[in-house]
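Raw data_21.cif, mmCIF, C-alpha atoms:
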data_input
loop_
_atom_site.group_PDB
_atom_site.id
_atom_site.type_symbol
_atom_site.label_atom_id
_atom_site.label_comp_id
_atom_site.auth_asym_id
_atom_site.auth_seq_id
_atom_site.Cartn_x
_atom_site.Cartn_y
_atom_site.Cartn_z
ATOM 1 C CA MET A 1 -37.421 -19.860 123.977
ATOM 2 C CA GLN A 2 -40.884 -21.423 123.916
ATOM 3 C CA ILE A 3 -43.491 -19.251 122.222
ATOM 4 C CA ARG A 4 -47.107 -19.799 123.244
ATOM 5 C CA PRO A 5 -50.405 -17.866 123.338
ATOM 6 C CA PHE A 6 -50.756 -15.181 126.005
ATOM 7 C CA SER A 7 -52.975 -15.926 129.000
ATOM 8 C CA ILE A 8 -54.243 -13.483 131.591
ATOM 9 C CA GLU A 9 -52.025 -15.159 134.199
ATOM 10 C CA ASP A 10 -49.049 -13.758 132.254
ATOM 11 C CA LEU A 11 -50.140 -10.168 132.774
ATOM 12 C CA SER A 12 -47.840 -9.235 135.656
ATOM 13 C CA GLU A 13 -44.690 -10.648 134.026
ATOM 14 C CA VAL A 14 -45.499 -9.133 130.644
ATOM 15 C CA VAL A 15 -46.021 -5.692 132.179
ATOM 16 C CA GLU A 16 -42.706 -6.034 134.002
ATOM 17 C CA LEU A 17 -41.038 -6.964 130.700
ATOM 18 C CA TRP A 18 -42.654 -4.028 128.912
ATOM 19 C CA ASN A 19 -41.628 -1.531 131.564
ATOM 20 C CA ARG A 20 -38.063 -2.845 131.476
ATOM 21 C CA GLU A 21 -37.539 -3.152 127.718
ATOM 22 C CA ALA A 22 -40.117 -1.145 125.749
ATOM 23 C CA THR A 23 -39.417 2.013 127.702
ATOM 24 C CA LYS A 24 -35.855 1.960 126.346
ATOM 25 C CA TYR A 25 -37.424 3.034 123.038
ATOM 26 C CA ASP A 26 -39.553 5.789 124.624
ATOM 27 C CA TYR A 27 -42.785 3.824 124.948
ATOM 28 C CA LYS A 28 -44.751 4.805 128.021
ATOM 29 C CA SER A 29 -44.747 2.376 130.947
ATOM 30 C CA PHE A 30 -47.958 0.624 132.032
ATOM 31 C CA THR A 31 -49.723 -0.375 135.167
ATOM 32 C CA GLU A 32 -51.337 -3.811 134.904
ATOM 33 C CA ARG A 33 -54.771 -2.208 134.501
ATOM 34 C CA GLU A 34 -53.518 0.151 131.775
ATOM 35 C CA PHE A 35 -51.873 -2.722 129.930
ATOM 36 C CA GLN A 36 -55.034 -4.819 130.057
ATOM 37 C CA ASN A 37 -57.108 -1.899 128.788
ATOM 38 C CA LYS A 38 -54.693 -1.275 125.928
ATOM 39 C CA PHE A 39 -53.993 -4.795 124.685
ATOM 40 C CA ILE A 40 -56.883 -6.962 125.857
ATOM 41 C CA ASP A 41 -60.093 -5.133 126.752
ATOM 42 C CA HIS A 42 -60.853 -3.670 123.346
ATOM 43 C CA HIS A 43 -63.033 -4.424 120.334
ATOM 44 C CA TYR A 44 -60.206 -5.814 118.184
ATOM 45 C CA PHE A 45 -58.704 -8.215 120.718
ATOM 46 C CA ASP A 46 -57.827 -11.570 119.162
ATOM 47 C CA ALA A 47 -56.598 -14.272 121.546
ATOM 48 C CA GLU A 48 -54.838 -15.983 118.628
ATOM 49 C CA CYS A 49 -52.818 -12.882 117.779
ATOM 50 C CA ILE A 50 -51.104 -12.199 121.107
ATOM 51 C CA TRP A 51 -48.100 -14.256 122.256
ATOM 52 C CA VAL A 52 -45.478 -14.634 124.940
ATOM 53 C CA GLY A 53 -42.020 -16.195 124.882
ATOM 54 C CA CYS A 54 -40.707 -18.122 127.889
ATOM 55 C CA ASN A 55 -37.459 -19.668 129.052
ATOM 56 C CA GLU A 56 -36.003 -20.675 132.409
ATOM 57 C CA LYS A 57 -36.109 -17.017 133.545
ATOM 58 C CA GLY A 58 -39.847 -16.729 132.894
ATOM 59 C CA ILE A 59 -41.503 -14.540 130.286
ATOM 60 C CA VAL A 60 -38.887 -12.836 128.148
ATOM 61 C CA GLY A 61 -40.908 -11.980 125.037
ATOM 62 C CA PHE A 62 -44.250 -10.488 124.093
ATOM 63 C CA ALA A 63 -45.906 -9.884 120.733
ATOM 64 C CA ALA A 64 -49.285 -8.608 119.638
ATOM 65 C CA GLY A 65 -51.149 -7.844 116.448
ATOM 66 C CA CYS A 66 -54.748 -7.137 115.563
ATOM 67 C CA SER A 67 -57.127 -6.893 112.648
ATOM 68 C CA GLY A 68 -60.676 -5.903 111.848
ATOM 69 C CA ASP A 69 -62.638 -5.748 108.628
ATOM 70 C CA ASP A 70 -63.996 -2.304 109.546
ATOM 71 C CA LEU A 71 -60.525 -0.780 110.017
ATOM 72 C CA PRO A 72 -58.799 1.259 107.290
ATOM 73 C CA LEU A 73 -57.316 -1.369 104.930
ATOM 74 C CA GLY A 74 -58.974 -3.909 107.234
ATOM 75 C CA ASP A 75 -60.380 -6.006 104.412
ATOM 76 C CA VAL A 76 -56.869 -6.865 103.206
ATOM 77 C CA ALA A 77 -54.474 -6.097 106.073
ATOM 78 C CA GLY A 78 -53.658 -6.943 109.663
ATOM 79 C CA TYR A 79 -51.582 -4.738 111.959
ATOM 80 C CA ILE A 80 -48.370 -5.563 113.805
ATOM 81 C CA THR A 81 -48.643 -3.747 117.150
ATOM 82 C CA SER A 82 -45.481 -4.690 119.013
ATOM 83 C CA VAL A 83 -42.789 -7.300 119.567
ATOM 84 C CA ILE A 84 -40.699 -6.833 122.720
ATOM 85 C CA ILE A 85 -37.966 -9.256 123.832
ATOM 86 C CA ASP A 86 -35.632 -9.089 126.828
ATOM 87 C CA ALA A 87 -32.289 -7.635 125.702
ATOM 88 C CA GLU A 88 -30.412 -10.735 126.878
ATOM 89 C CA ASP A 89 -32.588 -13.002 124.717
ATOM 90 C CA ALA A 90 -33.234 -10.778 121.721
ATOM 91 C CA ALA A 91 -32.029 -13.022 118.905
ATOM 92 C CA LEU A 92 -33.300 -12.301 115.393
ATOM 93 C CA GLU A 93 -34.768 -15.801 115.148
ATOM 94 C CA TYR A 94 -37.137 -15.080 118.051
ATOM 95 C CA TYR A 95 -38.389 -11.841 116.545
ATOM 96 C CA ASP A 96 -38.917 -13.751 113.321
ATOM 97 C CA ALA A 97 -40.852 -16.511 115.103
ATOM 98 C CA PHE A 98 -43.184 -13.992 116.772
ATOM 99 C CA LEU A 99 -43.809 -12.226 113.464
ATOM 100 C CA LEU A 100 -44.488 -15.547 111.751
ATOM 101 C CA GLY A 101 -47.130 -16.410 114.337
ATOM 102 C CA ILE A 102 -48.920 -13.105 113.853
ATOM 103 C CA GLU A 103 -48.725 -13.321 110.077
ATOM 104 C CA LYS A 104 -50.160 -16.833 110.042
ATOM 105 C CA ARG A 105 -53.131 -15.581 112.025
ATOM 106 C CA PHE A 106 -53.656 -12.796 109.499
ATOM 107 C CA GLN A 107 -53.599 -15.337 106.679
ATOM 108 C CA VAL A 108 -56.173 -17.524 108.420
ATOM 109 C CA LEU A 109 -58.383 -14.428 108.604
ATOM 110 C CA GLY A 110 -57.960 -13.858 104.865
ATOM 111 C CA LYS A 111 -55.547 -10.928 105.068
ATOM 112 C CA ARG A 112 -52.980 -10.380 102.322
ATOM 113 C CA GLN A 113 -50.789 -7.768 104.006
ATOM 114 C CA ALA A 114 -49.130 -7.176 107.362
ATOM 115 C CA GLU A 115 -48.839 -3.477 108.205
ATOM 116 C CA VAL A 116 -46.946 -1.318 110.678
ATOM 117 C CA LEU A 117 -49.052 1.803 110.304
ATOM 118 C CA PHE A 118 -50.856 4.555 112.244
ATOM 119 C CA PHE A 119 -54.252 3.066 111.340
ATOM 120 C CA ASN A 120 -53.603 0.362 113.945
ATOM 121 C CA PRO A 121 -56.380 0.827 116.529
ATOM 122 C CA ILE A 122 -53.976 -0.019 119.384
ATOM 123 C CA LYS A 123 -52.399 3.370 120.057
ATOM 124 C CA LEU A 124 -49.069 3.062 121.857
ATOM 125 C CA ILE A 125 -48.175 6.179 123.829
ATOM 126 C CA TRP A 126 -44.572 7.407 123.699
ATOM 127 C CA ASN A 127 -42.733 9.902 125.867
ATOM 128 C CA ILE A 128 -41.162 12.976 124.297
ATOM 129 C CA PRO A 129 -37.386 12.328 124.562
ATOM 130 C CA SER A 130 -36.499 15.960 125.343
ATOM 131 C CA ALA A 131 -39.384 16.375 127.824
ATOM 132 C CA ARG A 132 -40.225 12.994 129.275
ATOM 133 C CA GLN A 133 -43.043 14.369 131.409
ATOM 134 C CA HIS A 134 -44.890 14.943 128.124
ATOM 135 C CA GLU A 135 -46.253 12.278 125.796
ATOM 136 C CA HIS A 136 -47.826 11.667 122.405
ATOM 137 C CA ASN A 137 -50.903 9.490 122.129
ATOM 138 C CA ASN A 138 -49.831 7.262 119.232
ATOM 139 C CA ALA A 139 -46.608 5.811 117.867
ATOM 140 C CA PRO A 140 -47.301 5.893 114.109
ATOM 141 C CA GLY A 141 -44.763 3.204 113.235
ATOM 142 C CA ILE A 142 -41.510 1.625 114.443
ATOM 143 C CA SER A 143 -38.411 3.683 115.187
ATOM 144 C CA LYS A 144 -35.215 2.424 113.587
ATOM 145 C CA ASP A 145 -33.465 2.123 116.962
ATOM 146 C CA GLN A 146 -35.691 -0.838 117.907
ATOM 147 C CA PRO A 147 -34.423 -4.375 117.243
ATOM 148 C CA LEU A 148 -37.879 -5.067 115.816
ATOM 149 C CA TYR A 149 -37.126 -2.743 112.900
ATOM 150 C CA ASP A 150 -34.144 -4.848 111.780
ATOM 151 C CA ALA A 151 -36.222 -8.014 112.210
ATOM 152 C CA LEU A 152 -38.992 -6.623 110.022
ATOM 153 C CA ILE A 153 -36.522 -5.644 107.295
ATOM 154 C CA ALA A 154 -34.852 -9.055 107.462
ATOM 155 C CA ARG A 155 -38.258 -10.698 107.089
ATOM 156 C CA GLY A 156 -38.990 -8.786 103.898
ATOM 157 C CA TYR A 157 -40.991 -5.839 105.158
ATOM 158 C CA VAL A 158 -40.621 -2.746 102.983
ATOM 159 C CA ASP A 159 -39.889 0.593 104.675
ATOM 160 C CA ARG A 160 -42.445 2.713 102.806
ATOM 161 C CA ALA A 161 -42.332 6.089 104.543
ATOM 162 C CA THR A 162 -41.065 8.038 107.533
ATOM 163 C CA GLN A 163 -43.284 9.830 110.029
ATOM 164 C CA CYS A 164 -41.744 12.603 112.118
ATOM 165 C CA GLY A 165 -42.863 12.976 115.720
ATOM 166 C CA MET A 166 -42.991 16.742 116.373
ATOM 167 C CA TYR A 167 -43.080 18.650 119.669
ATOM 168 C CA LEU A 168 -43.537 22.256 120.775
ATOM 169 C CA ARG A 169 -43.490 23.453 124.385
ATOM 170 C CA LEU A 170 -45.959 26.291 124.829
ATOM 171 C CA GLY A 171 -45.639 29.357 127.032
ATOM 172 C CA ASN A 172 -43.502 31.651 124.905
ATOM 173 C CA PHE A 173 -45.083 31.175 121.495
ATOM 174 C CA SER A 174 -45.942 34.224 119.390
ATOM 175 C CA VAL A 175 -47.056 34.556 115.780
ATOM 176 C CA PRO A 176 -44.069 35.790 113.725
ATOM 177 C CA GLU A 177 -44.200 39.091 111.863
ATOM 178 C CA ASP A 178 -44.043 37.529 108.387
ATOM 179 C CA MET A 179 -47.069 35.386 109.223
ATOM 180 C CA ILE A 180 -48.950 38.469 110.411
ATOM 181 C CA SER A 181 -48.042 40.126 107.092
ATOM 182 C CA LYS A 182 -49.420 37.097 105.246
ATOM 183 C CA GLU A 183 -52.625 37.385 107.271
ATOM 184 C CA VAL A 184 -52.940 41.103 106.442
ATOM 185 C CA LYS A 185 -52.571 40.255 102.746
ATOM 186 C CA ALA A 186 -55.348 37.669 103.054
ATOM 187 C CA ASN A 187 -57.482 40.293 104.830
ATOM 188 C CA SER A 188 -57.098 42.586 101.823
ATOM 189 C CA LYS A 189 -58.756 39.879 99.728
ATOM 190 C CA GLY A 190 -61.660 39.528 102.146
ATOM 191 C CA TYR A 191 -60.354 36.520 104.111
ATOM 192 C CA TYR A 192 -60.161 36.557 107.906
ATOM 193 C CA VAL A 193 -59.001 33.983 110.466
ATOM 194 C CA THR A 194 -61.116 34.204 113.580
ATOM 195 C CA PRO A 195 -62.761 32.125 116.306
ATOM 196 C CA TYR A 196 -65.719 30.257 114.852
ATOM 197 C CA ALA A 197 -69.095 31.670 115.909
ATOM 198 C CA PRO A 198 -71.998 29.326 115.039
ATOM 199 C CA ALA A 199 -74.530 32.152 115.261
ATOM 200 C CA LEU A 200 -72.546 34.272 112.794
ATOM 201 C CA HIS A 201 -70.741 31.895 110.477
ATOM 202 C CA ASN A 202 -72.206 29.345 108.078
ATOM 203 C CA GLY A 203 -70.863 26.716 105.719
ATOM 204 C CA LEU A 204 -68.659 24.705 108.109
ATOM 205 C CA GLU A 205 -70.288 21.416 107.141
ATOM 206 C CA ALA A 206 -69.998 22.226 103.425
ATOM 207 C CA THR A 207 -66.287 23.001 103.763
ATOM 208 C CA LEU A 208 -65.664 19.804 105.728
ATOM 209 C CA ALA A 209 -67.501 17.828 103.034
ATOM 210 C CA ALA A 210 -65.388 19.469 100.313
ATOM 211 C CA LEU A 211 -62.229 18.364 102.130
ATOM 212 C CA GLN A 212 -63.371 14.730 101.711
ATOM 213 C CA ASN A 213 -62.292 13.585 105.153
ATOM 214 C CA PRO A 214 -65.170 11.629 106.734
ATOM 215 C CA GLN A 215 -63.462 11.655 110.151
ATOM 216 C CA TRP A 216 -63.338 15.450 110.138
ATOM 217 C CA GLU A 217 -66.964 15.646 109.034
ATOM 218 C CA LYS A 218 -67.956 13.533 112.015
ATOM 219 C CA ASP A 219 -65.561 14.681 114.750
ATOM 220 C CA VAL A 220 -65.199 18.412 114.109
ATOM 221 C CA VAL A 221 -68.961 18.927 113.937
ATOM 222 C CA SER A 222 -69.432 16.850 117.084
ATOM 223 C CA TYR A 223 -66.826 18.767 119.095
ATOM 224 C CA VAL A 224 -68.238 22.122 117.974
ATOM 225 C CA LYS A 225 -71.750 21.073 118.961
ATOM 226 C CA ASP A 226 -70.352 20.204 122.399
ATOM 227 C CA GLY A 227 -68.961 23.727 122.690
ATOM 228 C CA ALA A 228 -65.288 23.247 121.794
ATOM 229 C CA PRO A 229 -63.696 26.383 120.256
ATOM 230 C CA LEU A 230 -62.629 26.262 116.612
ATOM 231 C CA ILE A 231 -60.447 28.574 114.544
ATOM 232 C CA ALA A 232 -62.072 29.390 111.197
ATOM 233 C CA ALA A 233 -61.038 31.062 107.977
ATOM 234 C CA VAL A 234 -64.011 33.023 106.689
ATOM 235 C CA HIS A 235 -64.895 34.915 103.534
ATOM 236 C CA GLY A 236 -67.760 37.176 104.493
ATOM 237 C CA ASN A 237 -69.723 34.951 106.852
ATOM 238 C CA GLU A 238 -68.859 31.760 104.971
ATOM 239 C CA VAL A 239 -66.434 29.290 106.564
ATOM 240 C CA VAL A 240 -63.767 28.348 103.995
ATOM 241 C CA GLY A 241 -61.246 26.711 106.334
ATOM 242 C CA PHE A 242 -60.772 25.430 109.860
ATOM 243 C CA ALA A 243 -58.151 24.541 112.457
ATOM 244 C CA GLY A 244 -58.837 22.659 115.659
ATOM 245 C CA PRO A 245 -60.929 22.166 117.649
ATOM 246 C CA ILE A 246 -59.092 23.780 120.576
ATOM 247 C CA ILE A 247 -59.072 21.147 123.322
ATOM 248 C CA SER A 248 -56.751 20.902 126.329
ATOM 249 C CA GLU A 249 -56.243 17.314 127.466
ATOM 250 C CA PRO A 250 -55.871 16.547 131.208
ATOM 251 C CA ASN A 251 -52.120 15.987 130.775
ATOM 252 C CA GLY A 252 -51.652 19.472 129.324
ATOM 253 C CA ARG A 253 -51.384 18.323 125.716
ATOM 254 C CA ALA A 254 -53.168 20.230 122.970
ATOM 255 C CA PHE A 255 -55.595 18.096 120.988
ATOM 256 C CA PHE A 256 -56.936 18.947 117.539
ATOM 257 C CA CYS A 257 -58.476 17.021 114.631
ATOM 258 C CA GLY A 258 -56.766 18.826 111.779
ATOM 259 C CA ILE A 259 -56.460 21.838 109.505
ATOM 260 C CA GLY A 260 -58.089 22.281 106.118
ATOM 261 C CA VAL A 261 -58.919 24.925 103.528
ATOM 262 C CA HIS A 262 -61.721 24.572 100.991
ATOM 263 C CA PRO A 263 -60.148 23.718 97.599
ATOM 264 C CA GLU A 264 -61.853 26.721 95.983
ATOM 265 C CA HIS A 265 -60.145 29.084 98.433
ATOM 266 C CA GLU A 266 -56.594 27.779 98.398
ATOM 267 C CA GLY A 267 -53.634 29.931 97.407
ATOM 268 C CA HIS A 268 -54.153 32.752 99.894
ATOM 269 C CA GLY A 269 -51.906 31.469 102.701
ATOM 270 C CA LEU A 270 -54.884 30.526 104.850
ATOM 271 C CA GLY A 271 -53.532 27.110 105.876
ATOM 272 C CA SER A 272 -50.375 28.474 107.494
ATOM 273 C CA VAL A 273 -52.240 31.399 109.118
ATOM 274 C CA LEU A 274 -54.814 28.970 110.513
ATOM 275 C CA PHE A 275 -52.037 26.827 111.960
ATOM 276 C CA PHE A 276 -50.220 29.678 113.702
ATOM 277 C CA ARG A 277 -53.453 31.121 115.103
ATOM 278 C CA MET A 278 -54.432 27.671 116.317
ATOM 279 C CA VAL A 279 -51.135 27.290 118.185
ATOM 280 C CA GLU A 280 -51.694 30.728 119.702
ATOM 281 C CA ALA A 281 -55.201 29.675 120.785
ATOM 282 C CA PHE A 282 -53.879 26.541 122.478
ATOM 283 C CA GLN A 283 -51.454 28.673 124.457
ATOM 284 C CA HIS A 284 -54.267 31.034 125.463
ATOM 285 C CA VAL A 285 -56.365 28.167 126.894
ATOM 286 C CA GLY A 286 -53.416 26.971 128.991
ATOM 287 C CA CYS A 287 -52.089 23.973 127.051
ATOM 288 C CA GLN A 288 -48.522 23.102 128.007
ATOM 289 C CA TYR A 289 -47.439 21.570 124.707
ATOM 290 C CA ILE A 290 -48.398 20.318 121.267
ATOM 291 C CA SER A 291 -47.266 17.025 119.779
ATOM 292 C CA LEU A 292 -48.135 15.654 116.355
ATOM 293 C CA PHE A 293 -46.687 13.570 113.570
ATOM 294 C CA THR A 294 -46.305 14.273 109.888
ATOM 295 C CA GLY A 295 -44.639 12.685 106.879
ATOM 296 C CA SER A 296 -40.998 13.555 106.337
ATOM 297 C CA ASN A 297 -41.867 14.704 102.794
ATOM 298 C CA ASN A 298 -44.928 16.718 103.815
ATOM 299 C CA PRO A 299 -44.478 20.425 102.941
ATOM 300 C CA ALA A 300 -46.226 21.216 106.253
ATOM 301 C CA LEU A 301 -43.070 20.035 108.028
ATOM 302 C CA ARG A 302 -41.437 23.379 107.211
ATOM 303 C CA ILE A 303 -44.397 25.257 108.690
ATOM 304 C CA TYR A 304 -44.168 23.234 111.911
ATOM 305 C CA GLN A 305 -40.455 23.906 112.204
ATOM 306 C CA LYS A 306 -40.986 27.617 111.534
ATOM 307 C CA ALA A 307 -43.428 27.622 114.457
ATOM 308 C CA GLY A 308 -40.706 26.175 116.683
ATOM 309 C CA PHE A 309 -41.522 22.466 116.591
ATOM 310 C CA SER A 310 -38.633 20.018 116.910
ATOM 311 C CA ILE A 311 -38.430 16.519 115.447
ATOM 312 C CA GLU A 312 -38.255 14.247 118.502
ATOM 313 C CA LYS A 313 -38.437 10.796 116.871
ATOM 314 C CA GLN A 314 -38.786 9.296 113.434
ATOM 315 C CA PHE A 315 -41.020 6.297 112.813
ATOM 316 C CA SER A 316 -40.962 3.943 109.842
ATOM 317 C CA ILE A 317 -44.128 2.724 108.106
ATOM 318 C CA LEU A 318 -43.668 -0.850 106.888
ATOM 319 C CA ARG A 319 -45.583 -3.460 104.905
ATOM 320 C CA ARG A 320 -45.150 -7.082 103.860
ATOM 321 C CA GLU A 321 -47.260 -8.902 101.330
ATOM 322 C CA LEU A 322 -48.308 -12.265 102.786
#

Mind turning the file's structure into structure tokens?
Amino acid sequence: MQIRPFSIEDLSEVVELWNREATKYDYKSFTEREFQNKFIDHHYFDAECIWVGCNEKGIVGFAAGCSGDDLPLGDVAGYITSVIIDAEDAALEYYDAFLLGIEKRFQVLGKRQAEVLFFNPIKLIWNIPSARQHEHNNAPGISKDQPLYDALIARGYVDRATQCGMYLRLGNFSVPEDMISKEVKANSKGYYVTPYAPALHNGLEATLAALQNPQWEKDVVSYVKDGAPLIAAVHGNEVVGFAGPIISEPNGRAFFCGIGVHPEHEGHGLGSVLFFRMVEAFQHVGCQYISLFTGSNNPALRIYQKAGFSIEKQFSILRREL
């Protein structure tokens, strides 16, 4: 196999390769326009970090990475996005050669780490295995069933964590009795979970600041200003927690930024009540399903499973020091 830089003339063959091979591992297929939008027409495109592999059959391999100083860890790390090789040509040495090319580019750019991580700005959509008409908007790592996983391990990448891809079909969801009892107990202490009303409730920005998540501070406030519903935990009229916003995507998927409770108001079961009421709200606005990912050691995993979520795929987070 000859490995060389990608050119736009390769687009059709690369898309055909992707739709033949990557979809075996639940990645969503692409049209040529979708592929170009995802891998090429974006802020972090680097022509020296995207490759193809050719032999007498044509293009049988594709690899891409990206980097950016303004990304999380971007000052020290580059991101491995994908390496896909035709099953008939998928020798370990070719995976290794693609990875070497990407890593060398990272080193030229002054990076000291290569990461397979959800901070990668190139979000690869994957289909839910048990409901392939539904999809999640980001593969947060590499599943162990991919040949690329074995190639990364062989090259010295360390498997640092596991992310669980979770899925819940909506339509028959109801808040369980024990969660309602927990909510009643919180009510007795003056805490209520309710739709956020800007004219009535105050302190949302202060709670978001206390949670020390700059993305939430920016996005949640923006969505609320645009009129998106939000589920709030309140004490009096003060917002002490949030879940949402409640947004239905065109494909029927529920979208939300997160869930958080002000550190000074933890210990009253508000986080789990917020989550269950948020799921209920998504069902009320007509969402067909919720998908999300969480760490395999995250205590929230038990809450998701109690709500009826299933683990659909597991993704590994990997790193190699360069």

Exercise. For the structure provided, state which residues fall under the PyMOL selection byres ((chain A and resi 315) around 8), and present them as JSON, numbers by chain.
Key: {"A": [139, 140, 141, 142, 143, 144, 162, 163, 164, 165, 313, 314, 316, 317]}

Write the residues you've just listed into a file as an mmCIF file, keeping the file's coordinate frame, and include C-alpha atoms for each of them.
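And here is the file that came out, result-v9.cif:
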data_model
loop_
_atom_site.group_PDB
_atom_site.id
_atom_site.type_symbol
_atom_site.label_atom_id
_atom_site.label_comp_id
_atom_site.auth_asym_id
_atom_site.auth_seq_id
_atom_site.Cartn_x
_atom_site.Cartn_y
_atom_site.Cartn_z
ATOM 1 C CA ALA A 139 -46.608 5.811 117.867
ATOM 2 C CA PRO A 140 -47.301 5.893 114.109
ATOM 3 C CA GLY A 141 -44.763 3.204 113.235
ATOM 4 C CA ILE A 142 -41.510 1.625 114.443
ATOM 5 C CA SER A 143 -38.411 3.683 115.187
ATOM 6 C CA LYS A 144 -35.215 2.424 113.587
ATOM 7 C CA THR A 162 -41.065 8.038 107.533
ATOM 8 C CA GLN A 163 -43.284 9.830 110.029
ATOM 9 C CA CYS A 164 -41.744 12.603 112.118
ATOM 10 C CA GLY A 165 -42.863 12.976 115.720
ATOM 11 C CA LYS A 313 -38.437 10.796 116.871
ATOM 12 C CA GLN A 314 -38.786 9.296 113.434
ATOM 13 C CA SER A 316 -40.962 3.943 109.842
ATOM 14 C CA ILE A 317 -44.128 2.724 108.106
#

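Shell of Tyr44 of chain A at 7 Å, with all atoms listed in the file counted and residues fewer than 5 places along the chain excluded, is A:Cys66, A:Ser67, A:Gly68.
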
Quiz item: Mind telling me what the PyMOL selection byres ((chain A and resi 227) around 12) catches here, as an MDAnalysis selection string?
Solution: chainID A and resid 196:198 220:226 228:230 245:247

Quiz item: If you apply the PyMOL selection byres ((chain A and resi 10) around 12) to this file, what residues do you get, as a list of chain:residue names?
Solution: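 Listing what the PyMOL selection byres ((chain A and resi 10) around 12) selects in the shown file: A:Arg4, A:Pro5, A:Phe6, A:Ser7, A:Ile8, A:Glu9, A:Leu11, A:Ser12, A:Glu13, A:Val14, A:Val15, A:Glu16, A:Leu17, A:Glu32, A:Phe35, A:Gln36, A:Ile50, A:Trp51, A:Val52, A:Gly53, A:Cys54, A:Gly58, A:Ile59, A:Val60, A:Gly61, A:Phe62.
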
Self-check item: Contact residues around Gly110 of chain A with all atoms listed in the file at 12 Å, ignoring same-chain residues under 2 positions, as JSON, numbers by chain
Solution: {"A": [67, 68, 69, 74, 75, 76, 77, 78, 103, 104, 105, 106, 107, 108, 112, 113, 114, 322]}

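One finds atom CA of Tyr25 of chain A at 25.4 Å from atom CA of Asp46 of chain A.
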
Mind working out the centre and edge lengths of an axis-aligned box for segment 160-171 of chain A, all listed atoms inside, 4 Å added to each side, rounded to one decimal in Å and written as lines of an AutoDock Vina configuration file?
center_x = -43.5
center_y = 16.0
center_z = 114.9
size_x = 12.9
size_y = 34.6
size_z = 32.2

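Residue nearest Lys185 of chain A, chosen from A:Arg319, A:Asn37, A:Lys218, A:Val273 and counting only C-alpha atoms: A:Val273.
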
Quiz item: Quick one, how far is atom CA of Val279 of chain A from atom CA of Leu117 of chain A?
Solution: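 These two atoms are separated by 26.8 Å.
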
Self-check item: Distance query Leu200 of chain A at most 12 Å, all atoms listed in the file, self and fewer than 2 positions along chain excluded, as a PyMOL selection string
Solution: chain A and resi 194-198+202-204+232+234+236-239

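Distance cut-off 12 Å, centre (-45.1, 34.4, 125.0), atoms counted all atoms listed in the file; the residues meeting this are Arg169, Leu170, Gly171, Asn172, Phe173, Ser174, Val175, Pro176, Val279, Glu280, Ala281, Gln283, His284 and Gly286 of chain A.
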
Quiz prompt | Selection near Leu152 of chain A, 9 Å with only C-alpha atoms, sequence-local residues under 4 positions removed, as a list of chain:residue names | solution =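 Contacts, with the query itself left out: A:Tyr95, A:Asp96, A:Leu99, A:Pro147, A:Leu148, A:Gly156, A:Tyr157, A:Val158, A:Leu318, A:Arg319, A:Arg320.
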